[in-house]
Amino acid sequence: MTSVDDVGYGRQFGGFYDRIFPSGPYTEPTVAKLAALHPAPGERALELGVGTGRVAIPLAQRAFPVTGVDSSPEMLEQLTTKAKEADADVEAVHGDIRKYTDDNQYKLVYCICATFSMLLDPDDQRAAIQCAADRLAPGGMLVVETSNAGGVRALHEGQQRTSYFLPYPEPNTGLLTYSTLLDNGLWHASHIWFEDGKSSIGSELARLTTPDEVDAYAQAAGLRPADRWADWKETPWAEDSPMFVSTYTRN
């Protein structure tokens with residue numbers, strides 16, 4: 001049996017992940033774009049880093065069933081419950097996105113919401129792209145959304161450490177982040193979620209990745225770069241964009 005390394009993200013964020021990344025208007029552009037990018041409507045897609053199913057469940061409700069892989073048992077438990085309640089065809093798989101394999105080929109494989117940046121070694125990132133490419137059917141598309149190195153550095157304005165608060169629409173609700181750029185190219189962020197007079201805390205470590213790096217991994221895996229945007233609404237990408245969405249095809 002293949003071992004699954006779990007960094008503990010679900011144990012930290014599982015209780016408030018769906019509040020930081022809510023469904024509805026926040027998620028809809030992602031789901032709509034993935035549905036539009038799927039070359040074969042109605043066929044199963046593969047999500048690497050499925051989490052609680054924020055995207056997989058509404059995508060499945062659009063008649064795109066999803067196999068979702070994640071290393072966190074806590075997140076997958078929530079996914080299974082939510083998918084059942086929504087009557088959505090989402091298969092929850094406990095697995096490692098660097099080495100996941102099955103007997104299927106998919107016309108759409110995606111790894112989004114900066115899951116890719118949580119792989120802290122270039123070899124691990126390369127392995128994840130190769131894993132995705134191996135599962136991709138001819139004519140299929142890989143979609144990667146992750147943090148943009150230039151955008152994170154721009155946020156820091158030349159400082160090693162910074163903090164910022166993001167208010168949410170509900171009264172007395174928001175996310176406070178303490179952000180640190182490390183000398184080895186890693187990015188540490190500690191988050192405090194405030195809601196109803198209570199707070200929840202989680203921290204994460206990410207590798208600052210450039211679009212060119214991901215392009216190189218994809219090309220080495222036999223894929224061809226297709227498009228790149230700053231977000232799911234196809235805003236043109238810039239060096240200081242907070243995120244990037246890159247798409248790749250297999251001939």
# chains A, B, ... in the order shown; residues from 1 in each chain; ligands from 1
>>> residues_around(residues="A:Ala127", least_positions_apart="2", cutoff="9 Å", atoms="only C-alpha atoms", output="list in words")
Ile97, Arg98, Lys99, Pro122, Asp123, Asp124, Gln125, Ile129, Gln130, Cys131, Ala132 and Tyr217 of chain A
>>> write_last_selection(atoms="N, CA, C and O atoms", output="PDB file, in the first residue's frame")
ATOM      1  N   ILE A  97      -0.630  13.515  -4.005  1.00  0.00           N
ATOM      2  CA  ILE A  97      -0.725  14.066  -5.358  1.00  0.00           C
ATOM      3  C   ILE A  97       0.587  13.981  -6.121  1.00  0.00           C
ATOM      4  O   ILE A  97       0.609  14.212  -7.330  1.00  0.00           O
ATOM      5  N   ARG A  98       1.673  13.630  -5.454  1.00  0.00           N
ATOM      6  CA  ARG A  98       2.953  13.461  -6.145  1.00  0.00           C
ATOM      7  C   ARG A  98       3.084  12.095  -6.807  1.00  0.00           C
ATOM      8  O   ARG A  98       3.947  11.915  -7.683  1.00  0.00           O
ATOM      9  N   LYS A  99       2.233  11.136  -6.382  1.00  0.00           N
ATOM     10  CA  LYS A  99       2.405   9.778  -6.901  1.00  0.00           C
ATOM     11  C   LYS A  99       1.087   9.026  -7.058  1.00  0.00           C
ATOM     12  O   LYS A  99       1.076   7.792  -7.150  1.00  0.00           O
ATOM     13  N   PRO A 122      11.343  21.428  -5.344  1.00  0.00           N
ATOM     14  CA  PRO A 122      11.124  21.397  -6.795  1.00  0.00           C
ATOM     15  C   PRO A 122      10.892  19.993  -7.332  1.00  0.00           C
ATOM     16  O   PRO A 122      10.084  19.809  -8.251  1.00  0.00           O
ATOM     17  N   ASP A 123      11.579  19.009  -6.770  1.00  0.00           N
ATOM     18  CA  ASP A 123      11.386  17.634  -7.240  1.00  0.00           C
ATOM     19  C   ASP A 123       9.967  17.147  -6.948  1.00  0.00           C
ATOM     20  O   ASP A 123       9.376  16.412  -7.751  1.00  0.00           O
ATOM     21  N   ASP A 124       9.409  17.560  -5.807  1.00  0.00           N
ATOM     22  CA  ASP A 124       8.032  17.172  -5.482  1.00  0.00           C
ATOM     23  C   ASP A 124       7.046  17.867  -6.415  1.00  0.00           C
ATOM     24  O   ASP A 124       6.056  17.263  -6.854  1.00  0.00           O
ATOM     25  N   GLN A 125       7.302  19.131  -6.722  1.00  0.00           N
ATOM     26  CA  GLN A 125       6.423  19.836  -7.655  1.00  0.00           C
ATOM     27  C   GLN A 125       6.504  19.200  -9.047  1.00  0.00           C
ATOM     28  O   GLN A 125       5.488  19.008  -9.710  1.00  0.00           O
ATOM     29  N   ILE A 129       3.345  17.327 -11.230  1.00  0.00           N
ATOM     30  CA  ILE A 129       2.967  17.621 -12.622  1.00  0.00           C
ATOM     31  C   ILE A 129       3.091  16.367 -13.482  1.00  0.00           C
ATOM     32  O   ILE A 129       2.235  16.099 -14.347  1.00  0.00           O
ATOM     33  N   GLN A 130       4.126  15.570 -13.251  1.00  0.00           N
ATOM     34  CA  GLN A 130       4.268  14.322 -14.001  1.00  0.00           C
ATOM     35  C   GLN A 130       3.119  13.377 -13.682  1.00  0.00           C
ATOM     36  O   GLN A 130       2.568  12.716 -14.581  1.00  0.00           O
ATOM     37  N   CYS A 131       2.730  13.316 -12.412  1.00  0.00           N
ATOM     38  CA  CYS A 131       1.595  12.486 -12.005  1.00  0.00           C
ATOM     39  C   CYS A 131       0.332  12.928 -12.729  1.00  0.00           C
ATOM     40  O   CYS A 131      -0.422  12.094 -13.245  1.00  0.00           O
ATOM     41  N   ALA A 132       0.102  14.246 -12.786  1.00  0.00           N
ATOM     42  CA  ALA A 132      -1.076  14.765 -13.485  1.00  0.00           C
ATOM     43  C   ALA A 132      -1.021  14.426 -14.968  1.00  0.00           C
ATOM     44  O   ALA A 132      -2.029  14.014 -15.560  1.00  0.00           O
ATOM     45  N   TYR A 217       8.079  22.266 -15.868  1.00  0.00           N
ATOM     46  CA  TYR A 217       7.672  20.950 -15.375  1.00  0.00           C
ATOM     47  C   TYR A 217       6.703  20.293 -16.360  1.00  0.00           C
ATOM     48  O   TYR A 217       6.807  19.089 -16.661  1.00  0.00           O
TER      49      TYR A 217
END
>>> atom_distance(atom1="atom CA of A:Ala92", atom2="atom CA of A:Pro22")
19.9 Å
>>> select_by_dssp(residues="stretch 23-139 of chain A", states="strand (DSSP E or B)", output="list in words")
Ala45, Leu46, Glu47, Leu48, Val66, Thr67, Gly68, Val69, Asp70, Val90, Glu91, Ala92, Val93, His94, Tyr106, Lys107, Leu108, Val109, Tyr110, Cys111, Leu136, Ala137, Pro138 and Gly139 of chain A
>>> closest_residue(among="A:Val245, A:Val69, A:Ile192, A:Ile57", to="A:Glu145", atoms="only C-alpha atoms")
A:Val245
>>> residues_around(residues="stretch 27-31 of chain A", least_positions_apart="6", cutoff="9 Å", atoms="only C-alpha atoms", output="number ranges by chain")
A: 21, 54-56, 58-59, 62, 231-233
>>> write_last_selection(atoms="C-alpha atoms", output="PDB file, in the first residue's frame")
ATOM      1  CA  PHE A  21     -13.021  29.934   1.030  1.00  0.00           C
ATOM      2  CA  ARG A  54     -15.574  23.359  -2.440  1.00  0.00           C
ATOM      3  CA  VAL A  55     -15.069  23.119  -6.221  1.00  0.00           C
ATOM      4  CA  ALA A  56     -15.542  19.398  -6.879  1.00  0.00           C
ATOM      5  CA  PRO A  58     -20.584  22.093  -7.642  1.00  0.00           C
ATOM      6  CA  LEU A  59     -18.621  20.840 -10.649  1.00  0.00           C
ATOM      7  CA  ARG A  62     -22.972  20.362 -13.438  1.00  0.00           C
ATOM      8  CA  ASP A 231      -7.645  34.603 -12.096  1.00  0.00           C
ATOM      9  CA  TRP A 232     -10.656  32.588 -13.210  1.00  0.00           C
ATOM     10  CA  LYS A 233     -12.196  35.567 -14.971  1.00  0.00           C
TER      11      LYS A 233
END
>>> residues_around(residues="A:Glu91", least_positions_apart="5", cutoff="7 Å", atoms="only C-alpha atoms", output="PyMOL selection string")
chain A and resi 66-68
>>> write_last_selection(atoms="N, CA and C atoms", output="PDB file, in the first residue's frame")
ATOM      1  N   VAL A  66     -16.357  13.835 -10.388  1.00  0.00           N
ATOM      2  CA  VAL A  66     -14.975  14.146 -10.011  1.00  0.00           C
ATOM      3  C   VAL A  66     -14.412  13.051  -9.121  1.00  0.00           C
ATOM      4  N   THR A  67     -13.177  12.652  -9.409  1.00  0.00           N
ATOM      5  CA  THR A  67     -12.372  11.886  -8.470  1.00  0.00           C
ATOM      6  C   THR A  67     -11.461  12.879  -7.764  1.00  0.00           C
ATOM      7  N   GLY A  68     -11.569  12.960  -6.442  1.00  0.00           N
ATOM      8  CA  GLY A  68     -10.807  13.953  -5.687  1.00  0.00           C
ATOM      9  C   GLY A  68      -9.802  13.308  -4.771  1.00  0.00           C
TER      10      GLY A  68
END
>>> select_by_dssp(residues="stretch 28-81 of chain A", states="alpha helix (DSSP H)", output="PyMOL selection string")
chain A and resi 28-37+56-61+73-81
>>> residues_around(residues="A:Lys107", least_positions_apart="6", cutoff="8 Å", atoms="only C-alpha atoms", output="list in words")
His38, Pro39, Ala40, Glu43, Arg44, Ala45, Leu136, Ala137, Pro138, Gly139, Gly140 and Met141 of chain A
>>> write_last_selection(atoms="C-alpha atoms", output="JSON list (two decimals), in the first residue's frame")
[["chain", "number", "residue", "atom", "x", "y", "z"],
["A", 38, "HIS", "CA", -13.36, 20.37, -19.84],
["A", 39, "PRO", "CA", -12.91, 18.94, -23.36],
["A", 40, "ALA", "CA", -15.48, 16.17, -22.78],
["A", 43, "GLU", "CA", -16.79, 12.65, -18.34],
["A", 44, "ARG", "CA", -15.06, 12.30, -14.97],
["A", 45, "ALA", "CA", -12.43, 14.88, -13.94],
["A", 136, "LEU", "CA", -4.27, 12.94, -18.65],
["A", 137, "ALA", "CA", -5.94, 11.50, -21.74],
["A", 138, "PRO", "CA", -4.88, 12.55, -25.25],
["A", 139, "GLY", "CA", -6.53, 15.88, -25.99],
["A", 140, "GLY", "CA", -6.99, 16.47, -22.26],
["A", 141, "MET", "CA", -6.23, 19.59, -20.26]]
>>> atom_distance(atom1="atom CA of A:Arg224", atom2="atom CA of A:Asp240")
24.1 Å
>>> residues_around(residues="A:Ala63", least_positions_apart="3", cutoff="8 Å", atoms="only C-alpha atoms", output="ChimeraX atom specification")
/A:41-42,59-60
>>> write_last_selection(atoms="C-alpha atoms", output="mmCIF file, in the first residue's frame")
data_model
loop_
_atom_site.group_PDB
_atom_site.id
_atom_site.type_symbol
_atom_site.label_atom_id
_atom_site.label_comp_id
_atom_site.auth_asym_id
_atom_site.auth_seq_id
_atom_site.Cartn_x
_atom_site.Cartn_y
_atom_site.Cartn_z
ATOM 1 C CA PRO A 41 -18.584 17.323 -20.865
ATOM 2 C CA GLY A 42 -20.046 14.576 -18.726
ATOM 3 C CA LEU A 59 -18.621 20.840 -10.649
ATOM 4 C CA ALA A 60 -20.153 17.384 -10.206
#
>>> atom_distance(atom1="atom CA of A:Ala35", atom2="atom CA of A:Val152")
28.5 Å
>>> decode(residues="stretch 188-223 of chain A", atoms="N, CA, C and O atoms", output="PDB file, in the first residue's frame")
ATOM      1  N   HIS A 188       6.061  31.601   4.682  1.00  0.00           N
ATOM      2  CA  HIS A 188       5.308  31.137   5.851  1.00  0.00           C
ATOM      3  C   HIS A 188       4.193  32.124   6.147  1.00  0.00           C
ATOM      4  O   HIS A 188       4.419  33.330   6.218  1.00  0.00           O
ATOM      5  N   ALA A 189       2.984  31.612   6.313  1.00  0.00           N
ATOM      6  CA  ALA A 189       1.836  32.459   6.616  1.00  0.00           C
ATOM      7  C   ALA A 189       1.057  31.863   7.782  1.00  0.00           C
ATOM      8  O   ALA A 189       0.684  30.685   7.747  1.00  0.00           O
ATOM      9  N   SER A 190       0.847  32.679   8.814  1.00  0.00           N
ATOM     10  CA  SER A 190       0.012  32.295   9.943  1.00  0.00           C
ATOM     11  C   SER A 190      -1.289  33.072   9.861  1.00  0.00           C
ATOM     12  O   SER A 190      -1.272  34.302   9.702  1.00  0.00           O
ATOM     13  N   HIS A 191      -2.413  32.375   9.963  1.00  0.00           N
ATOM     14  CA  HIS A 191      -3.726  32.980   9.767  1.00  0.00           C
ATOM     15  C   HIS A 191      -4.546  32.900  11.054  1.00  0.00           C
ATOM     16  O   HIS A 191      -4.545  31.867  11.735  1.00  0.00           O
ATOM     17  N   ILE A 192      -5.249  33.981  11.352  1.00  0.00           N
ATOM     18  CA  ILE A 192      -6.203  33.996  12.462  1.00  0.00           C
ATOM     19  C   ILE A 192      -7.563  34.365  11.887  1.00  0.00           C
ATOM     20  O   ILE A 192      -7.726  35.446  11.307  1.00  0.00           O
ATOM     21  N   TRP A 193      -8.514  33.459  12.018  1.00  0.00           N
ATOM     22  CA  TRP A 193      -9.868  33.666  11.518  1.00  0.00           C
ATOM     23  C   TRP A 193     -10.752  34.152  12.668  1.00  0.00           C
ATOM     24  O   TRP A 193     -10.825  33.521  13.721  1.00  0.00           O
ATOM     25  N   PHE A 194     -11.395  35.303  12.473  1.00  0.00           N
ATOM     26  CA  PHE A 194     -12.264  35.893  13.479  1.00  0.00           C
ATOM     27  C   PHE A 194     -13.718  35.785  13.024  1.00  0.00           C
ATOM     28  O   PHE A 194     -14.053  36.145  11.891  1.00  0.00           O
ATOM     29  N   GLU A 195     -14.563  35.297  13.928  1.00  0.00           N
ATOM     30  CA  GLU A 195     -15.983  35.189  13.623  1.00  0.00           C
ATOM     31  C   GLU A 195     -16.770  35.048  14.926  1.00  0.00           C
ATOM     32  O   GLU A 195     -16.415  34.235  15.776  1.00  0.00           O
ATOM     33  N   ASP A 196     -17.809  35.845  15.080  1.00  0.00           N
ATOM     34  CA  ASP A 196     -18.710  35.756  16.232  1.00  0.00           C
ATOM     35  C   ASP A 196     -17.959  35.838  17.556  1.00  0.00           C
ATOM     36  O   ASP A 196     -18.274  35.127  18.521  1.00  0.00           O
ATOM     37  N   GLY A 197     -16.952  36.711  17.613  1.00  0.00           N
ATOM     38  CA  GLY A 197     -16.215  36.888  18.857  1.00  0.00           C
ATOM     39  C   GLY A 197     -15.240  35.780  19.174  1.00  0.00           C
ATOM     40  O   GLY A 197     -14.636  35.773  20.250  1.00  0.00           O
ATOM     41  N   LYS A 198     -15.049  34.830  18.258  1.00  0.00           N
ATOM     42  CA  LYS A 198     -14.122  33.727  18.453  1.00  0.00           C
ATOM     43  C   LYS A 198     -13.025  33.777  17.383  1.00  0.00           C
ATOM     44  O   LYS A 198     -13.166  34.440  16.366  1.00  0.00           O
ATOM     45  N   SER A 199     -11.944  33.049  17.631  1.00  0.00           N
ATOM     46  CA  SER A 199     -10.849  33.010  16.652  1.00  0.00           C
ATOM     47  C   SER A 199     -10.358  31.585  16.481  1.00  0.00           C
ATOM     48  O   SER A 199     -10.424  30.769  17.402  1.00  0.00           O
ATOM     49  N   SER A 200      -9.871  31.295  15.261  1.00  0.00           N
ATOM     50  CA  SER A 200      -9.257  30.010  14.930  1.00  0.00           C
ATOM     51  C   SER A 200      -7.924  30.294  14.260  1.00  0.00           C
ATOM     52  O   SER A 200      -7.798  31.267  13.510  1.00  0.00           O
ATOM     53  N   ILE A 201      -6.938  29.455  14.528  1.00  0.00           N
ATOM     54  CA  ILE A 201      -5.573  29.725  14.076  1.00  0.00           C
ATOM     55  C   ILE A 201      -5.051  28.558  13.240  1.00  0.00           C
ATOM     56  O   ILE A 201      -5.264  27.391  13.569  1.00  0.00           O
ATOM     57  N   GLY A 202      -4.342  28.889  12.164  1.00  0.00           N
ATOM     58  CA  GLY A 202      -3.664  27.887  11.343  1.00  0.00           C
ATOM     59  C   GLY A 202      -2.468  28.510  10.663  1.00  0.00           C
ATOM     60  O   GLY A 202      -2.443  29.722  10.426  1.00  0.00           O
ATOM     61  N   SER A 203      -1.467  27.717  10.366  1.00  0.00           N
ATOM     62  CA  SER A 203      -0.289  28.223   9.657  1.00  0.00           C
ATOM     63  C   SER A 203       0.055  27.279   8.522  1.00  0.00           C
ATOM     64  O   SER A 203      -0.239  26.082   8.571  1.00  0.00           O
ATOM     65  N   GLU A 204       0.672  27.846   7.498  1.00  0.00           N
ATOM     66  CA  GLU A 204       1.046  27.047   6.339  1.00  0.00           C
ATOM     67  C   GLU A 204       2.382  27.517   5.783  1.00  0.00           C
ATOM     68  O   GLU A 204       2.774  28.675   5.946  1.00  0.00           O
ATOM     69  N   LEU A 205       3.063  26.593   5.126  1.00  0.00           N
ATOM     70  CA  LEU A 205       4.347  26.862   4.504  1.00  0.00           C
ATOM     71  C   LEU A 205       4.219  26.538   3.026  1.00  0.00           C
ATOM     72  O   LEU A 205       3.688  25.493   2.657  1.00  0.00           O
ATOM     73  N   ALA A 206       4.690  27.463   2.185  1.00  0.00           N
ATOM     74  CA  ALA A 206       4.549  27.287   0.741  1.00  0.00           C
ATOM     75  C   ALA A 206       5.857  27.617   0.052  1.00  0.00           C
ATOM     76  O   ALA A 206       6.704  28.354   0.584  1.00  0.00           O
ATOM     77  N   ARG A 207       6.023  27.068  -1.139  1.00  0.00           N
ATOM     78  CA  ARG A 207       7.173  27.396  -1.977  1.00  0.00           C
ATOM     79  C   ARG A 207       6.746  28.414  -3.028  1.00  0.00           C
ATOM     80  O   ARG A 207       5.766  28.207  -3.735  1.00  0.00           O
ATOM     81  N   LEU A 208       7.482  29.518  -3.103  1.00  0.00           N
ATOM     82  CA  LEU A 208       7.165  30.550  -4.084  1.00  0.00           C
ATOM     83  C   LEU A 208       7.544  30.047  -5.469  1.00  0.00           C
ATOM     84  O   LEU A 208       8.715  29.780  -5.761  1.00  0.00           O
ATOM     85  N   THR A 209       6.554  29.908  -6.316  1.00  0.00           N
ATOM     86  CA  THR A 209       6.717  29.287  -7.627  1.00  0.00           C
ATOM     87  C   THR A 209       6.397  30.285  -8.725  1.00  0.00           C
ATOM     88  O   THR A 209       5.439  31.046  -8.617  1.00  0.00           O
ATOM     89  N   THR A 210       7.173  30.282  -9.791  1.00  0.00           N
ATOM     90  CA  THR A 210       6.910  31.151 -10.928  1.00  0.00           C
ATOM     91  C   THR A 210       6.170  30.382 -12.020  1.00  0.00           C
ATOM     92  O   THR A 210       6.287  29.153 -12.119  1.00  0.00           O
ATOM     93  N   PRO A 211       5.421  31.082 -12.856  1.00  0.00           N
ATOM     94  CA  PRO A 211       4.765  30.396 -13.979  1.00  0.00           C
ATOM     95  C   PRO A 211       5.760  29.683 -14.887  1.00  0.00           C
ATOM     96  O   PRO A 211       5.455  28.601 -15.410  1.00  0.00           O
ATOM     97  N   ASP A 212       6.943  30.269 -15.083  1.00  0.00           N
ATOM     98  CA  ASP A 212       7.938  29.635 -15.946  1.00  0.00           C
ATOM     99  C   ASP A 212       8.373  28.281 -15.400  1.00  0.00           C
ATOM    100  O   ASP A 212       8.628  27.342 -16.170  1.00  0.00           O
ATOM    101  N   GLU A 213       8.478  28.178 -14.066  1.00  0.00           N
ATOM    102  CA  GLU A 213       8.840  26.887 -13.477  1.00  0.00           C
ATOM    103  C   GLU A 213       7.783  25.833 -13.769  1.00  0.00           C
ATOM    104  O   GLU A 213       8.108  24.701 -14.152  1.00  0.00           O
ATOM    105  N   VAL A 214       6.527  26.195 -13.573  1.00  0.00           N
ATOM    106  CA  VAL A 214       5.455  25.227 -13.817  1.00  0.00           C
ATOM    107  C   VAL A 214       5.408  24.858 -15.299  1.00  0.00           C
ATOM    108  O   VAL A 214       5.210  23.691 -15.650  1.00  0.00           O
ATOM    109  N   ASP A 215       5.615  25.842 -16.173  1.00  0.00           N
ATOM    110  CA  ASP A 215       5.678  25.551 -17.610  1.00  0.00           C
ATOM    111  C   ASP A 215       6.765  24.522 -17.912  1.00  0.00           C
ATOM    112  O   ASP A 215       6.561  23.599 -18.704  1.00  0.00           O
ATOM    113  N   ALA A 216       7.932  24.700 -17.277  1.00  0.00           N
ATOM    114  CA  ALA A 216       9.042  23.781 -17.524  1.00  0.00           C
ATOM    115  C   ALA A 216       8.713  22.375 -17.038  1.00  0.00           C
ATOM    116  O   ALA A 216       9.025  21.377 -17.716  1.00  0.00           O
ATOM    117  N   TYR A 217       8.079  22.266 -15.868  1.00  0.00           N
ATOM    118  CA  TYR A 217       7.672  20.950 -15.375  1.00  0.00           C
ATOM    119  C   TYR A 217       6.703  20.293 -16.360  1.00  0.00           C
ATOM    120  O   TYR A 217       6.807  19.089 -16.661  1.00  0.00           O
ATOM    121  N   ALA A 218       5.745  21.069 -16.850  1.00  0.00           N
ATOM    122  CA  ALA A 218       4.729  20.525 -17.748  1.00  0.00           C
ATOM    123  C   ALA A 218       5.343  20.084 -19.076  1.00  0.00           C
ATOM    124  O   ALA A 218       5.005  19.012 -19.600  1.00  0.00           O
ATOM    125  N   GLN A 219       6.234  20.890 -19.606  1.00  0.00           N
ATOM    126  CA  GLN A 219       6.863  20.528 -20.881  1.00  0.00           C
ATOM    127  C   GLN A 219       7.718  19.275 -20.731  1.00  0.00           C
ATOM    128  O   GLN A 219       7.736  18.430 -21.620  1.00  0.00           O
ATOM    129  N   ALA A 220       8.402  19.139 -19.585  1.00  0.00           N
ATOM    130  CA  ALA A 220       9.196  17.933 -19.338  1.00  0.00           C
ATOM    131  C   ALA A 220       8.306  16.701 -19.232  1.00  0.00           C
ATOM    132  O   ALA A 220       8.748  15.579 -19.523  1.00  0.00           O
ATOM    133  N   ALA A 221       7.040  16.900 -18.846  1.00  0.00           N
ATOM    134  CA  ALA A 221       6.091  15.798 -18.725  1.00  0.00           C
ATOM    135  C   ALA A 221       5.336  15.543 -20.023  1.00  0.00           C
ATOM    136  O   ALA A 221       4.418  14.713 -20.054  1.00  0.00           O
ATOM    137  N   GLY A 222       5.713  16.250 -21.088  1.00  0.00           N
ATOM    138  CA  GLY A 222       5.096  16.017 -22.388  1.00  0.00           C
ATOM    139  C   GLY A 222       3.859  16.848 -22.664  1.00  0.00           C
ATOM    140  O   GLY A 222       3.103  16.532 -23.598  1.00  0.00           O
ATOM    141  N   LEU A 223       3.659  17.921 -21.888  1.00  0.00           N
ATOM    142  CA  LEU A 223       2.494  18.768 -22.081  1.00  0.00           C
ATOM    143  C   LEU A 223       2.885  20.079 -22.770  1.00  0.00           C
ATOM    144  O   LEU A 223       4.047  20.482 -22.740  1.00  0.00           O
TER     145      LEU A 223
END
